[in-house]
Amino acid sequence: MEAAASYGGVDPELQVLRNNISPHSLTVYILPESKPSAATMSKPLSDHDRRKQISVRGLAGVENVADLKQNFNRHLHFTLVKDRNVATKRDYYFALAHTVRDHLVGRWIRTQQHYYEKDPKRVYYISLEFYMGRTLQNTMVNLALENACDEATYQLGLDMEELEDMEEDAGLGNGGLGRLAACFLDSMASLGLAAYGYGIRYEFGIFNQKITNGWQVEEADDWLRYGNPWEKARPEYMRPVHFYGRTEHHADGVKWVDTQVVLALPYDTPVPGYRNNVVNTMRLWSAKAPCDFNLKDFNVGGYIQAVLDRNLAENISRVLYPNDNFFEGKELRLKQEYFVVSATLQDIIRRFKVSKFGSREIARTDFSKLPDKVAIQLNDTHPALAIPELMRVLVDEEKLTWENAWDICVRTCAYTNHTVLPEALERWPVDLFAHLLPRHLEIVYEINRRHLEKVAAKYPGDNGRLSRMSLIEEGGQKKINMAHLSIVGSHAVNGVAQIHSDILKDTVFKDFYEMEPHKFQNKTNGITPRRWLVMCNPGLAEVIAERIGEHFIRDLDQLQQLRNFVNDEAFIRDVAKVKQENKLKLSAHLEEHYKVKINPNSMFDIQVKRIHEYKRQLLNCLHIITYYNRIKKEPNKQWTPRTVMIGGKAAPGYHTAKMIIRLITAIGDIVNNDPVVGDRLKVIFLENYRVTLAEKVVPAADLSEQISTAGTEASGTGNMKFMLNGALTIGTMDGANVEMAEEAGEDNIFIFGMRVDDVDALDKKGYHAEEYYNRLPELKQAIDQIAGGFFSPKQPDLFKEIFNMLMHHDRFKVFADYEDYIKCQEKVNDLYKNPREWTKKVIYNIAGSGKFSSDRTIAQYAREIWGMEPTLEKLPAPDEKP
């Protein structure tokens, strides 16, 4: 009980909760999503436990359960061709997945029929990344099948959680941008919008990260090796995509000839809305070589080589580029970007022309109606080629005039910007473009010529503005600025948090904003409450539902009602208890996987996101070292115990990010093995951070670290997940943190450091790291320890590069915020000693998180950009009459 003493005896009842829930008490508080396995479970759940679980998980009716068991056995037998004697755990997972999928199919077909009958406007969300994670549990939540499936697997002598663990993450994204796309698909279906996600079916998603001797090692993510029960191949909708070749200009228009063809084979994945019987489609394209690929180029003896060369074509969909906020100008990447855009636009136009279900007759030929029936949203500049490709199709193939085609294109397309970091903005070399997409280069030049004529007419004689606003960047190697192309070719441009949208207007796209202010909007990001509360934190969802009902799952603004319970002792106790149970669960998981004994009464201080200098994991490291040094200096003082967890992947080619991971693991080695410190401070690097691990970590967090340099994080969505799940945020006034402080109240969030204006002022004055180093003794000590080999005794110079970067070329000004960050962390420690006051602030945060639902974000996109109206109406279920 040493750790307990450090709280100073405040608030005995809550203190008892924090200190005395032992890991064994998990058997007392049976979490809805962690039933013991069938083997260990001696009796069914009590009536009380059943009642507690029913509401947000759906009813487990007797017929329901019997049906599920029958279908499970049928799939095991007929789909997997196994019996219970030889079936493996993975077979059982597949049987369950197919059983659950059966409940999607009728709704999926019915939804598509409904769209063809009603002919609504459709939105096409094009993204090079969809970071979906696992599908099984999310589908059960959205179809209200969780309890019935749980009961059915239990009666079959299986453990639901073990089966869920067999599913591979669909890791087709790097981080925020790809996960946002996944949340958006969930919201578009839940709001009844006729929406389609379009992307690439990468054979290998984001790499699996292993930590070996403290270093990140990448392993290929072969997520399809066992098959994917959620997708359906659609070879009948295969589309040809052209590359290379040359253009011929004739009297009747332009022809793109002598091209190489790659086929795009679509795979469809169902996307269920929340209990409204709507099932939308995510269509991912896979590259296939055509049958005659290269065979004609070889003589008879070259047949084997010709067949082997098919791989070159199929490489297009082989692997996701593992870069986050960094542009890599590789030919394969440009091929991927054009591949998804070309295949998708062919699909969009086919669907536009043939709008009657079951018919392939062309019903529409008037393209002036395209913007009334089609909205295309470009998720960052990766799909920006949709603009010249749509122009090519309309002008070259459908024979529209340039003026008409351009009007249609601009009214159809809209662009979301996700970053202000210059190294992240895409700029393709003109030479590469000319080689790969010769016709598109001509179209981009024509778009630019007409655009610059408009600029010159509006700002005569302003040559500086002309060169700044051109789509083609001159000087050295000519490049096409894809952000400029996206702005010029879209009717709406949005940032993803208010501060980010303002920065776009004030700096990055200032000239474009001055010329066409009506185009610029803000759409603050959001997260889906289905996955990020109901599914990953059912205990908290129940505690909330008991107070305010279940409607918050569809309308997260209703969480505001929780402000009425801020002083309700029973509610405070329930919220604290759920958090403690989640911490115990995570502790058990980490102990099993990391062999580190964790003090579950310690504050869980968590920073999980891509490893990048701008996200400032290094600032977090400096706090850990400072706290460590303080404990060592006064070992008998009452310190607030902390377990600091940092997780995230570094791009394989990003050397500094990999060094940051090595530093975190080195600090952990020293701190975790220091007997003086004991369990008052532990440092864990969370290996292979991904959606599935986030679902375990987020509900258990006490403190969420959102500490980027002000003006660099476009929005962040991890910050929203932590807020919704009852963690307090320590952060700068950056991205969505600003709006989170507004919603929860600045008193309920720990804000520190420079604001955007302060950063600008420091840039003008000049940032000199050594001034802070010389003035702040604790900072100097920490930096000297890093540089002098204290954390790497066997390789004293290991972190010299980090030292040099921080001292001489740190773009993100870590030292400038150090002093204020340490002071802010002291306030965090003081508050954590008072569990009741801490939990009250947690409740204010949960109550204020309604704005950050992706349902709100998507409703705004629909009304303000796409010209569509969301609906909460349910479609009839497959067994009901329409």
# chains A, B, ... in the order shown; residues from 1 in each chain; ligands from 1
>>> residues_around(residues="Arg90 in chain A", least_positions_apart="5", cutoff="10 Å", atoms="only C-alpha atoms", output="NGL selection string")
:A and (95-96 or 162-167 or 226)
>>> residues_around(residues="Leu681 in chain A", least_positions_apart="4", cutoff="6 Å", atoms="only C-alpha atoms", output="PDB file with all heavy atoms, in the first residue's frame")
ATOM      1  N   PRO A 641       2.327   8.678  -8.294  1.00  0.00           N
ATOM      2  CA  PRO A 641       2.868   7.633  -9.170  1.00  0.00           C
ATOM      3  C   PRO A 641       2.329   7.765 -10.599  1.00  0.00           C
ATOM      4  O   PRO A 641       1.157   8.089 -10.789  1.00  0.00           O
ATOM      5  CB  PRO A 641       2.400   6.329  -8.520  1.00  0.00           C
ATOM      6  CG  PRO A 641       1.256   6.706  -7.650  1.00  0.00           C
ATOM      7  CD  PRO A 641       1.400   8.133  -7.282  1.00  0.00           C
ATOM      8  N   ARG A 642       3.194   7.521 -11.575  1.00  0.00           N
ATOM      9  CA  ARG A 642       2.823   7.646 -12.996  1.00  0.00           C
ATOM     10  C   ARG A 642       3.326   6.462 -13.788  1.00  0.00           C
ATOM     11  O   ARG A 642       4.449   6.027 -13.590  1.00  0.00           O
ATOM     12  CB  ARG A 642       3.506   8.871 -13.625  1.00  0.00           C
ATOM     13  CG  ARG A 642       2.753  10.143 -13.515  1.00  0.00           C
ATOM     14  CD  ARG A 642       3.374  11.180 -14.459  1.00  0.00           C
ATOM     15  NE  ARG A 642       2.929  12.497 -14.054  1.00  0.00           N
ATOM     16  CZ  ARG A 642       2.377  13.385 -14.866  1.00  0.00           C
ATOM     17  NH1 ARG A 642       2.220  13.124 -16.141  1.00  0.00           N
ATOM     18  NH2 ARG A 642       1.986  14.556 -14.414  1.00  0.00           N
ATOM     19  N   THR A 643       2.508   5.996 -14.709  1.00  0.00           N
ATOM     20  CA  THR A 643       2.974   5.059 -15.735  1.00  0.00           C
ATOM     21  C   THR A 643       2.835   5.785 -17.068  1.00  0.00           C
ATOM     22  O   THR A 643       1.717   6.094 -17.484  1.00  0.00           O
ATOM     23  CB  THR A 643       2.132   3.771 -15.733  1.00  0.00           C
ATOM     24  OG1 THR A 643       2.220   3.172 -14.431  1.00  0.00           O
ATOM     25  CG2 THR A 643       2.649   2.786 -16.773  1.00  0.00           C
TER      26      THR A 643
END
>>> closest_atom_pairs(of="range 264-350 of chain A", to="range 407-424 of chain A", cutoff="9 Å", atoms="only C-alpha atoms", output="Markdown table")
| residue | atom | partner | partner_atom | distance |
| --- | --- | --- | --- | --- |
| A:Asp324 | CA | A:Ala424 | CA | 8.0 |
| A:Asn325 | CA | A:Ala424 | CA | 4.6 |
| A:Phe326 | CA | A:Ala424 | CA | 4.2 |
| A:Phe327 | CA | A:Ala424 | CA | 4.9 |
| A:Glu328 | CA | A:Ala424 | CA | 8.7 |
>>> residues_around(residues="Cys183 in chain A", least_positions_apart="5", cutoff="8 Å", atoms="only C-alpha atoms", output="PyMOL selection string")
chain A and resi 526-528+854
>>> atom_distance(atom1="CA of Tyr689 in chain A", atom2="CA of Ile126 in chain A")
25.1 Å
>>> residues_around(residues="Ile843 in chain A", least_positions_apart="4", cutoff="8 Å", atoms="only C-alpha atoms", output="PyMOL selection string")
chain A and resi 562-563+566+572+575+726+839+847
>>> write_last_selection(atoms="N, CA and C atoms", output="tab-separated table (two decimals), in the first residue's frame")
chain	number	residue	atom	x	y	z
A	562	LEU	N	-24.97	15.26	-18.85
A	562	LEU	CA	-24.16	14.73	-17.75
A	562	LEU	C	-23.67	15.84	-16.82
A	563	ARG	N	-23.72	17.09	-17.29
A	563	ARG	CA	-23.32	18.21	-16.39
A	563	ARG	C	-24.21	18.23	-15.15
A	566	VAL	N	-22.53	16.22	-12.22
A	566	VAL	CA	-21.14	16.47	-11.83
A	566	VAL	C	-20.95	16.33	-10.32
A	572	ILE	N	-20.16	9.93	-9.79
A	572	ILE	CA	-18.71	10.10	-9.68
A	572	ILE	C	-18.05	8.76	-9.39
A	575	VAL	N	-18.21	6.37	-12.49
A	575	VAL	CA	-17.25	6.74	-13.55
A	575	VAL	C	-15.83	6.34	-13.13
A	726	GLY	N	-13.02	9.75	-20.97
A	726	GLY	CA	-12.78	10.15	-19.60
A	726	GLY	C	-11.31	10.29	-19.22
A	839	THR	N	-12.20	13.31	-10.98
A	839	THR	CA	-13.32	12.67	-11.69
A	839	THR	C	-14.38	13.69	-12.09
A	847	ALA	N	-18.97	15.22	-20.84
A	847	ALA	CA	-20.18	15.99	-21.16
A	847	ALA	C	-19.94	16.98	-22.31
>>> residues_around(residues="range 796-802 of chain A", least_positions_apart="5", cutoff="10 Å", atoms="only C-alpha atoms", output="PyMOL selection string")
chain A and resi 618+656-657+659-660+662-663+783+785-791+807-808+810
>>> write_last_selection(atoms="N, CA, C and O atoms", output="compact mmCIF listing (two decimals), in the first residue's frame")
# COMPACT_ATOMS: atom_id res chain seq x y z
N LEU A 618 9.54 14.13 -27.87
CA LEU A 618 10.76 14.51 -27.14
C LEU A 618 10.45 15.40 -25.93
O LEU A 618 11.13 15.33 -24.91
N THR A 656 15.21 10.40 -37.74
CA THR A 656 15.04 11.07 -36.44
C THR A 656 13.91 10.42 -35.63
O THR A 656 14.03 10.21 -34.42
N ALA A 657 12.82 10.07 -36.31
CA ALA A 657 11.69 9.45 -35.61
C ALA A 657 12.10 8.09 -35.02
O ALA A 657 11.72 7.74 -33.90
N MET A 659 15.12 7.34 -34.07
CA MET A 659 15.98 7.65 -32.92
C MET A 659 15.14 8.04 -31.70
O MET A 659 15.51 7.73 -30.55
N ILE A 660 14.01 8.71 -31.94
CA ILE A 660 13.13 9.09 -30.82
C ILE A 660 12.59 7.82 -30.13
O ILE A 660 12.57 7.74 -28.91
N ARG A 662 14.09 4.95 -30.07
CA ARG A 662 15.23 4.34 -29.36
C ARG A 662 15.47 5.06 -28.03
O ARG A 662 15.80 4.42 -27.02
N LEU A 663 15.29 6.39 -28.03
CA LEU A 663 15.48 7.15 -26.79
C LEU A 663 14.42 6.77 -25.75
O LEU A 663 14.72 6.57 -24.57
N ILE A 783 19.15 17.24 -20.68
CA ILE A 783 19.81 17.22 -21.99
C ILE A 783 21.23 16.65 -21.87
O ILE A 783 21.66 15.86 -22.71
N GLN A 785 22.18 14.50 -19.73
CA GLN A 785 22.07 13.05 -19.53
C GLN A 785 21.86 12.33 -20.87
O GLN A 785 22.44 11.28 -21.12
N ILE A 786 21.02 12.93 -21.72
CA ILE A 786 20.79 12.33 -23.05
C ILE A 786 22.09 12.32 -23.85
O ILE A 786 22.49 11.30 -24.44
N ALA A 787 22.78 13.48 -23.85
CA ALA A 787 23.98 13.63 -24.68
C ALA A 787 25.15 12.83 -24.12
O ALA A 787 26.01 12.35 -24.88
N GLY A 788 25.20 12.66 -22.78
CA GLY A 788 26.39 12.07 -22.16
C GLY A 788 26.32 10.57 -21.99
O GLY A 788 27.24 9.97 -21.42
N GLY A 789 25.25 9.94 -22.45
CA GLY A 789 25.19 8.49 -22.39
C GLY A 789 24.62 7.93 -21.11
O GLY A 789 24.72 6.73 -20.84
N PHE A 790 23.97 8.78 -20.29
CA PHE A 790 23.36 8.27 -19.05
C PHE A 790 22.32 7.19 -19.36
O PHE A 790 22.20 6.20 -18.64
N PHE A 791 21.57 7.38 -20.46
CA PHE A 791 20.54 6.41 -20.82
C PHE A 791 21.06 5.36 -21.80
O PHE A 791 20.33 4.45 -22.18
N MET A 807 19.48 21.23 -29.94
CA MET A 807 20.26 22.44 -29.63
C MET A 807 20.41 23.38 -30.83
O MET A 807 20.54 24.58 -30.66
N HIS A 808 20.40 22.81 -32.06
CA HIS A 808 20.82 23.64 -33.20
C HIS A 808 19.81 23.76 -34.33
O HIS A 808 19.82 24.75 -35.05
N ASP A 810 16.07 22.69 -34.24
CA ASP A 810 14.77 22.15 -33.83
C ASP A 810 13.68 23.06 -34.35
O ASP A 810 13.40 24.12 -33.78
>>> atom_distance(atom1="CA of Leu556 in chain A", atom2="CA of Ser853 in chain A")
6.3 Å
>>> residues_around(residues="Met868 in chain A", least_positions_apart="6", cutoff="10 Å", atoms="only C-alpha atoms", output="number ranges by chain")
A: 120-123, 193-194, 372-373, 375, 859-862
>>> write_last_selection(atoms="N, CA and C atoms", output="PDB file, in the first residue's frame")
ATOM      1  N   PRO A 120     -31.097   9.262 -55.093  1.00  0.00           N
ATOM      2  CA  PRO A 120     -30.641  10.443 -54.360  1.00  0.00           C
ATOM      3  C   PRO A 120     -29.297  10.920 -54.909  1.00  0.00           C
ATOM      4  N   LYS A 121     -28.861  12.081 -54.451  1.00  0.00           N
ATOM      5  CA  LYS A 121     -27.481  12.487 -54.741  1.00  0.00           C
ATOM      6  C   LYS A 121     -26.558  11.537 -53.982  1.00  0.00           C
ATOM      7  N   ARG A 122     -25.464  11.144 -54.633  1.00  0.00           N
ATOM      8  CA  ARG A 122     -24.517  10.226 -53.977  1.00  0.00           C
ATOM      9  C   ARG A 122     -23.197  10.943 -53.711  1.00  0.00           C
ATOM     10  N   VAL A 123     -22.586  10.606 -52.580  1.00  0.00           N
ATOM     11  CA  VAL A 123     -21.272  11.181 -52.285  1.00  0.00           C
ATOM     12  C   VAL A 123     -20.214  10.091 -52.404  1.00  0.00           C
ATOM     13  N   LEU A 193     -26.921   8.573 -45.586  1.00  0.00           N
ATOM     14  CA  LEU A 193     -26.470   9.206 -46.829  1.00  0.00           C
ATOM     15  C   LEU A 193     -26.077   8.118 -47.834  1.00  0.00           C
ATOM     16  N   ALA A 194     -26.395   8.352 -49.105  1.00  0.00           N
ATOM     17  CA  ALA A 194     -25.979   7.421 -50.155  1.00  0.00           C
ATOM     18  C   ALA A 194     -24.504   7.699 -50.424  1.00  0.00           C
ATOM     19  N   ASP A 372     -25.673  17.630 -59.599  1.00  0.00           N
ATOM     20  CA  ASP A 372     -26.884  17.450 -58.792  1.00  0.00           C
ATOM     21  C   ASP A 372     -26.974  16.029 -58.242  1.00  0.00           C
ATOM     22  N   LYS A 373     -26.245  15.104 -58.879  1.00  0.00           N
ATOM     23  CA  LYS A 373     -26.361  13.689 -58.499  1.00  0.00           C
ATOM     24  C   LYS A 373     -25.077  13.129 -57.887  1.00  0.00           C
ATOM     25  N   ALA A 375     -21.377  14.006 -55.672  1.00  0.00           N
ATOM     26  CA  ALA A 375     -20.419  14.845 -54.937  1.00  0.00           C
ATOM     27  C   ALA A 375     -19.155  14.017 -54.751  1.00  0.00           C
ATOM     28  N   ALA A 859     -22.652  15.607 -41.003  1.00  0.00           N
ATOM     29  CA  ALA A 859     -23.872  16.391 -41.257  1.00  0.00           C
ATOM     30  C   ALA A 859     -23.499  17.756 -41.834  1.00  0.00           C
ATOM     31  N   GLN A 860     -22.400  18.347 -41.333  1.00  0.00           N
ATOM     32  CA  GLN A 860     -21.952  19.642 -41.871  1.00  0.00           C
ATOM     33  C   GLN A 860     -21.427  19.506 -43.296  1.00  0.00           C
ATOM     34  N   TYR A 861     -20.615  18.485 -43.558  1.00  0.00           N
ATOM     35  CA  TYR A 861     -20.175  18.259 -44.945  1.00  0.00           C
ATOM     36  C   TYR A 861     -21.394  18.126 -45.854  1.00  0.00           C
ATOM     37  N   ALA A 862     -22.369  17.309 -45.413  1.00  0.00           N
ATOM     38  CA  ALA A 862     -23.535  17.022 -46.260  1.00  0.00           C
ATOM     39  C   ALA A 862     -24.273  18.306 -46.601  1.00  0.00           C
TER      40      ALA A 862
END
>>> closest_residue(among="A:Gly848, A:Gly766, A:Pro878, A:Pro635", to="Ala741 in chain A", atoms="only C-alpha atoms")
A:Gly848
